[in-house]
Amino acid sequence: MSAAVPREAPPVPDVFDPRRYAEGVPLAAYRVLRDHHPVARQDEPGVLGWPAGPGFWAVTRHADVVRVLKDARTYSSFLGATQIRDPDPADLPFIRRMMLNQDPPDQGRLRRLVSRAFTPRRVDRFETAARERARALLGRAVREARAGDGTGDLVSAVTDEYALLNLADLLGVPEDDRGLLLDWTRRVIGYQDPDEAQPSAVGPTGEPVNPRSPAMLGDMFGYARELAAAKRRRPGDDVLTTLATDPELAPEELEMFFFLLTVAGNDTVRSAAPGGLLALAEHPAAYEELRSGRHRLGTAVEELLRVHPPVLSFRRTAAVDTELAGRRLRAGDKVVVFHASANHDERAFTDPLRLDLSRDPNPHVSFGDGPHVCLGAHFARLQLRVLYEETLRAVPALRPAGPPARLVSNFINGIKSLPMKLT
C-alpha cells in the first residue's frame with residue numbers, strides 16, 4: 001500500500017477587506033483560517049480611498065485570541081493603538097491618551113478612575129427608564145407598522161434611539177444635545193462605509209482623514225469641556241459629574257473618556273441589539289421558546305452576543321519577538337484578533353453554528369478579555385436583556401421582512417437597517 005499523500009492546505013482567505021462584511025460576517029473564511037492557518041499573514045491593500053498598509057497577523061482561534069488579549073506585556077495596545085490601520089505618526093501621541101490604547105499599569109490607573117463612575121448601583125438604577133423607553137419605542141414601531149404595510153425598520157425605529165438615549169441618561173447629556181452623540185458615533189465608527197463617512201473628511205493629499213485624529217475630534221472635545229464645566233456648577237447623579245469632579249483626572253483625560261464612552265458606550269448596544277433581534281427572527285422556534293420561558297433571558301443574551309459580537313476585530317502590536325500557534329512574530333508586527341471567529345471556534349463551543357439560547361458555559365469574547373475587558377459590559381447586558389424582554393412582549397412573532405443592510409467595516413459588526421414584520 002502506498003502512503004497517504006497529505007492534503008495541501010487551502011489558501012489563506014482575505015478577512016481584511018471591509019467590503020466583505022457588508023455581505024455578512026465571513027464565518028466560512030474564519031473556519032478555514034482556524035483549521036489551517038490559525039495565525040495567518042494578511043495583506044493590507046488600499047481600499048475605499050485608504051492607503052495600503054504593511055499587513056498583519058490574523059488570530060482566529062479562541063485560545064489564541066484570549067492569550068493575546070490577556071498578555072499586554074507581549075501584545076501591546078500602546079505601541080500602535082488598537083485599529084488595524086496604522087495611525088498617522090503625528091496623531092499617535094494623541095491617540096495613546098485614550099485608555100483603550102494604553103497598557104498596564106497606566107491603563108489600570110485610568111480604568112480605576114472611571115470605574116468609580118460606572119458603579120453597578122448607578123447602572124442598575126437605569127433599568128426602569130430603559131424598560132419604559134424600550135416599551136415606548138417598540139409600541140410606536142408596531143403601531144406604525146399596523147398603519148402601513150405591516151413592516152418596520154427596527155434600527156431606525158427602535159435600536160438606534162434606544163442605545164443613544166440610555167447612554168445619554170447615564171452620561172448626563174442634556175436632552176437637546178443628544179443627537180450629537182449619534183452624529184459623533186457615526187463619524188468615528190462608520191468611517192469605512194461610503195454611506196456613513198463624512199464627505200468632507202479628506203486631507204490635502206486627497207486621502208481620508210483618520211476620524212480619531214485631533215483634527216476630527218475638536219468639536220467633540222470642546223463640547224466635553226463645556227459639559228464638564230456645567231456639571232461642576234450644577235452636579236447631577238451621572239457619570240460626567242463624577243468624572244468632572246474627580247481631582248485625579250486631568251482635563252485631557254476627561255475629554256478622552258467622553259470620546260470613549262460616547263462612541264464605545266453607544267455602539268456596543270447599537271450594534272449588538274439589532275444583531276440579536278436578527279438572530280431571533282431567523283430562528284422562529286428559538287424565539288417562541290424564549291417567549292414561553294423555556295430559556296433564561298440572561299443566558300440567552302450571552303448566546304446572542306456570541307453569535308453577533310458588536311466588535312469584529314482589535315489590533316495589538318508585538319512588543320517583543322514571540323511565537324503564537326507555531327508562527328514566529330517579530331517585535332513591531334501587527335497582531336489582530338477576530339472576535340467573531342473566536343466565538344465560532346469548534347475547539348471552544350459545541351456546534352457553534354447552532355443558536356443555543358441555553359448554552360452554558362458560554363466563554364465568548366464579545367466584550368474582550370484581559371485588562372481591556374469592556375468596562376460597560378454590565379450596562380450593555382442590562383440594556384439588551386430589557387430590550388429583548390420587551391420585544392417578546394410586544395411582537396408575538398418576529399420575522400424578517402427583507403435582508404438587513406450591514407455596515408462596511410472590518411471593525412464594528414454594525415447593522416444599518418433591519419426590516420421586520422411586526423404585525
# chains A, B, ... in the order shown; residues from 1 in each chain; ligands from 1
$ residues_around --residues "range 208-218 of chain A" --least-positions-apart "5" --cutoff "12 Å" --atoms "only C-alpha atoms" --output "PDB file with C-alpha atoms, in the first residue's frame"
ATOM      1  CA  GLY A  46      -5.542  50.232  -0.301  1.00  0.00           C
ATOM      2  CA  VAL A  47      -9.346  50.155  -0.026  1.00  0.00           C
ATOM      3  CA  LEU A  48     -12.049  52.823  -0.282  1.00  0.00           C
ATOM      4  CA  GLY A  49      -9.508  55.614  -0.590  1.00  0.00           C
ATOM      5  CA  TRP A  50      -7.438  54.488   2.380  1.00  0.00           C
ATOM      6  CA  PRO A  51      -3.754  53.810   1.646  1.00  0.00           C
ATOM      7  CA  ALA A  81      -3.034  51.674  19.130  1.00  0.00           C
ATOM      8  CA  THR A  82      -5.916  49.264  18.508  1.00  0.00           C
ATOM      9  CA  GLN A  83      -7.124  49.815  14.923  1.00  0.00           C
ATOM     10  CA  ARG A  85      -4.800  50.769  10.021  1.00  0.00           C
ATOM     11  CA  ASP A  86      -1.665  52.467  11.314  1.00  0.00           C
ATOM     12  CA  PRO A  87      -2.421  55.946  12.626  1.00  0.00           C
ATOM     13  CA  ASP A  88      -0.539  58.947  11.322  1.00  0.00           C
ATOM     14  CA  PRO A  89       2.679  59.084  13.390  1.00  0.00           C
ATOM     15  CA  ALA A  90       1.850  62.702  14.252  1.00  0.00           C
ATOM     16  CA  ASP A  91      -1.508  61.566  15.736  1.00  0.00           C
ATOM     17  CA  LEU A  92      -0.152  58.637  17.734  1.00  0.00           C
ATOM     18  CA  PRO A  93       0.732  60.579  20.938  1.00  0.00           C
ATOM     19  CA  PHE A  94      -2.799  61.982  20.967  1.00  0.00           C
ATOM     20  CA  ILE A  95      -4.428  58.586  20.338  1.00  0.00           C
ATOM     21  CA  ARG A  96      -2.321  56.991  23.090  1.00  0.00           C
ATOM     22  CA  ARG A  97      -4.005  59.222  25.686  1.00  0.00           C
ATOM     23  CA  MET A  98      -7.137  57.061  25.430  1.00  0.00           C
ATOM     24  CA  ASN A 101      -4.789  52.466  23.673  1.00  0.00           C
ATOM     25  CA  ASP A 183     -23.503  62.013  14.854  1.00  0.00           C
ATOM     26  CA  TRP A 184     -20.126  61.562  16.531  1.00  0.00           C
ATOM     27  CA  THR A 185     -20.587  57.797  16.760  1.00  0.00           C
ATOM     28  CA  ARG A 186     -21.398  57.516  13.060  1.00  0.00           C
ATOM     29  CA  ARG A 187     -18.408  59.655  12.170  1.00  0.00           C
ATOM     30  CA  VAL A 188     -15.964  57.501  14.128  1.00  0.00           C
ATOM     31  CA  ILE A 189     -17.495  54.046  13.649  1.00  0.00           C
ATOM     32  CA  GLY A 190     -18.774  54.328  10.078  1.00  0.00           C
ATOM     33  CA  TYR A 191     -15.697  55.877   8.509  1.00  0.00           C
ATOM     34  CA  GLN A 192     -15.109  52.874   6.216  1.00  0.00           C
ATOM     35  CA  ASP A 193     -18.689  52.899   4.911  1.00  0.00           C
ATOM     36  CA  PRO A 194     -19.392  55.261   1.982  1.00  0.00           C
ATOM     37  CA  GLU A 196     -21.768  56.775   6.736  1.00  0.00           C
ATOM     38  CA  ALA A 197     -18.445  58.560   6.189  1.00  0.00           C
ATOM     39  CA  GLN A 198     -18.349  62.333   6.074  1.00  0.00           C
ATOM     40  CA  PRO A 199     -17.618  63.561   2.528  1.00  0.00           C
ATOM     41  CA  SER A 200     -15.578  66.481   3.878  1.00  0.00           C
ATOM     42  CA  ALA A 201     -13.231  64.273   5.911  1.00  0.00           C
ATOM     43  CA  VAL A 202     -10.470  64.331   3.286  1.00  0.00           C
ATOM     44  CA  GLY A 203      -6.964  65.660   3.779  1.00  0.00           C
ATOM     45  CA  TYR A 223     -18.358  70.001  23.957  1.00  0.00           C
ATOM     46  CA  ALA A 224     -16.862  67.699  26.615  1.00  0.00           C
ATOM     47  CA  ARG A 225     -15.099  70.667  28.231  1.00  0.00           C
ATOM     48  CA  GLU A 252      -7.378  65.915  28.672  1.00  0.00           C
ATOM     49  CA  GLU A 255     -12.024  64.530  27.186  1.00  0.00           C
ATOM     50  CA  MET A 256     -10.711  61.157  26.091  1.00  0.00           C
ATOM     51  CA  PHE A 258     -16.002  61.345  26.956  1.00  0.00           C
ATOM     52  CA  PHE A 259     -14.896  60.225  23.479  1.00  0.00           C
ATOM     53  CA  LEU A 260     -14.543  56.604  24.546  1.00  0.00           C
ATOM     54  CA  VAL A 263     -18.520  56.052  20.889  1.00  0.00           C
TER      55      VAL A 263
END
$ residues_around --residues "Val386 in chain A" --least-positions-apart "4" --cutoff "9 Å" --atoms "only C-alpha atoms" --output "list in words"
Glu127, Ala130, Arg131, Ala134, Arg381, Leu382, Glu390 and Thr391 of chain A
$ closest_atom_pairs --of "range 283-325 of chain A" --to "range 335-341 of chain A" --cutoff "10 Å" --atoms "only C-alpha atoms" --output "JSON lines"
{"residue": "A:Leu305", "atom": "CA", "partner": "A:Ala340", "partner_atom": "CA", "distance": 9.7}
{"residue": "A:Arg306", "atom": "CA", "partner": "A:Ala340", "partner_atom": "CA", "distance": 7.5}
{"residue": "A:Val307", "atom": "CA", "partner": "A:Ala340", "partner_atom": "CA", "distance": 7.3}
{"residue": "A:His308", "atom": "CA", "partner": "A:Ala340", "partner_atom": "CA", "distance": 7.2}
{"residue": "A:Pro309", "atom": "CA", "partner": "A:Ala340", "partner_atom": "CA", "distance": 6.2}
{"residue": "A:Pro310", "atom": "CA", "partner": "A:Ala340", "partner_atom": "CA", "distance": 9.0}
{"residue": "A:Val311", "atom": "CA", "partner": "A:His339", "partner_atom": "CA", "distance": 6.9}
{"residue": "A:Leu312", "atom": "CA", "partner": "A:His339", "partner_atom": "CA", "distance": 5.3}
{"residue": "A:Ser313", "atom": "CA", "partner": "A:Phe338", "partner_atom": "CA", "distance": 4.5}
{"residue": "A:Phe314", "atom": "CA", "partner": "A:Val337", "partner_atom": "CA", "distance": 5.6}
{"residue": "A:Arg315", "atom": "CA", "partner": "A:Val336", "partner_atom": "CA", "distance": 4.3}
{"residue": "A:Arg316", "atom": "CA", "partner": "A:Val335", "partner_atom": "CA", "distance": 5.1}
{"residue": "A:Thr317", "atom": "CA", "partner": "A:Val335", "partner_atom": "CA", "distance": 5.6}
{"residue": "A:Ala318", "atom": "CA", "partner": "A:Val335", "partner_atom": "CA", "distance": 6.8}
$ residues_around --residues "Lys231 in chain A" --least-positions-apart "6" --cutoff "9 Å" --atoms "only C-alpha atoms" --output "PyMOL selection string"
chain A and resi 172+240-242+244-245
$ residues_around --residues "range 149-153 of chain A" --least-positions-apart "3" --cutoff "6 Å" --atoms "only C-alpha atoms" --output "list in words"
Ala145, Arg146, Ser156, Ala157, Leu418, Pro419, Met420, Lys421, Leu422 and Thr423 of chain A
$ write_last_selection --atoms "C-alpha atoms" --output "PDB file, in the first residue's frame"
ATOM      1  CA  ALA A 145     -46.377  49.002  11.077  1.00  0.00           C
ATOM      2  CA  ARG A 146     -50.091  48.326  11.546  1.00  0.00           C
ATOM      3  CA  SER A 156     -34.207  53.448  12.786  1.00  0.00           C
ATOM      4  CA  ALA A 157     -37.409  52.913  14.794  1.00  0.00           C
ATOM      5  CA  LEU A 418     -33.318  45.769   9.878  1.00  0.00           C
ATOM      6  CA  PRO A 419     -36.704  45.412   8.156  1.00  0.00           C
ATOM      7  CA  MET A 420     -39.072  43.227  10.177  1.00  0.00           C
ATOM      8  CA  LYS A 421     -42.672  42.076  10.031  1.00  0.00           C
ATOM      9  CA  LEU A 422     -44.229  43.486  13.170  1.00  0.00           C
ATOM     10  CA  THR A 423     -47.909  42.542  12.887  1.00  0.00           C
TER      11      THR A 423
END
$ select_by_dssp --residues "range 132-209 of chain A" --states "alpha helix (DSSP H)" --output "NGL selection string"
:A and (132-147 or 154 or 160-171 or 178-189)
$ residues_around --residues "range 22-27 of chain A" --least-positions-apart "6" --cutoff "7 Å" --atoms "only C-alpha atoms" --output "ChimeraX atom specification"
/A:341,406-408
$ closest_atom_pairs --of "range 79-178 of chain A" --to "range 272-296 of chain A" --cutoff "10 Å" --atoms "only C-alpha atoms" --output "Markdown table"
| residue | atom | partner | partner_atom | distance |
| --- | --- | --- | --- | --- |
| A:Leu154 | CA | A:Pro274 | CA | 7.3 |
| A:Val155 | CA | A:Pro274 | CA | 6.5 |
| A:Val158 | CA | A:Pro274 | CA | 9.1 |
| A:Thr159 | CA | A:Ala273 | CA | 6.4 |
| A:Asp160 | CA | A:Pro274 | CA | 9.0 |
| A:Tyr162 | CA | A:Ala273 | CA | 9.4 |
| A:Ala163 | CA | A:Ala273 | CA | 8.6 |
$ write_last_selection --atoms "N, CA, C and O atoms" --output "mmCIF file, in the first residue's frame"
data_model
loop_
_atom_site.group_PDB
_atom_site.id
_atom_site.type_symbol
_atom_site.label_atom_id
_atom_site.label_comp_id
_atom_site.auth_asym_id
_atom_site.auth_seq_id
_atom_site.Cartn_x
_atom_site.Cartn_y
_atom_site.Cartn_z
ATOM 1 N N LEU A 154 -36.323 48.124 12.487
ATOM 2 C CA LEU A 154 -36.087 48.166 13.914
ATOM 3 C C LEU A 154 -34.837 48.963 14.288
ATOM 4 O O LEU A 154 -34.691 49.371 15.443
ATOM 5 N N VAL A 155 -33.939 49.207 13.345
ATOM 6 C CA VAL A 155 -32.772 50.042 13.649
ATOM 7 C C VAL A 155 -33.181 51.501 13.785
ATOM 8 O O VAL A 155 -32.935 52.148 14.804
ATOM 9 N N VAL A 158 -36.168 51.744 16.543
ATOM 10 C CA VAL A 158 -36.003 51.292 17.928
ATOM 11 C C VAL A 158 -34.555 51.350 18.402
ATOM 12 O O VAL A 158 -34.220 52.102 19.319
ATOM 13 N N THR A 159 -33.673 50.535 17.827
ATOM 14 C CA THR A 159 -32.392 50.258 18.489
ATOM 15 C C THR A 159 -31.440 51.443 18.498
ATOM 16 O O THR A 159 -30.715 51.642 19.483
ATOM 17 N N ASP A 160 -31.397 52.247 17.425
ATOM 18 C CA ASP A 160 -30.504 53.406 17.436
ATOM 19 C C ASP A 160 -30.874 54.363 18.556
ATOM 20 O O ASP A 160 -30.028 54.818 19.330
ATOM 21 N N TYR A 162 -32.812 53.799 21.187
ATOM 22 C CA TYR A 162 -32.741 53.133 22.491
ATOM 23 C C TYR A 162 -31.326 53.213 23.066
ATOM 24 O O TYR A 162 -31.122 53.636 24.218
ATOM 25 N N ALA A 163 -30.334 52.822 22.269
ATOM 26 C CA ALA A 163 -28.951 52.853 22.745
ATOM 27 C C ALA A 163 -28.503 54.271 23.046
ATOM 28 O O ALA A 163 -27.848 54.546 24.059
#
$ closest_residue --among "A:Val320, A:Leu110, A:Ala342, A:Val142" --to "Tyr75 in chain A" --atoms "only C-alpha atoms"
A:Val320
$ residues_around --residues "range 348-362 of chain A" --least-positions-apart "4" --cutoff "6 Å" --atoms "only C-alpha atoms" --output "ChimeraX atom specification"
/A:295,299-300,303,344
$ closest_residue --among "A:Phe126, A:Phe118, A:Phe56, A:Phe16" --to "Leu329 in chain A" --atoms "only C-alpha atoms"
A:Phe56
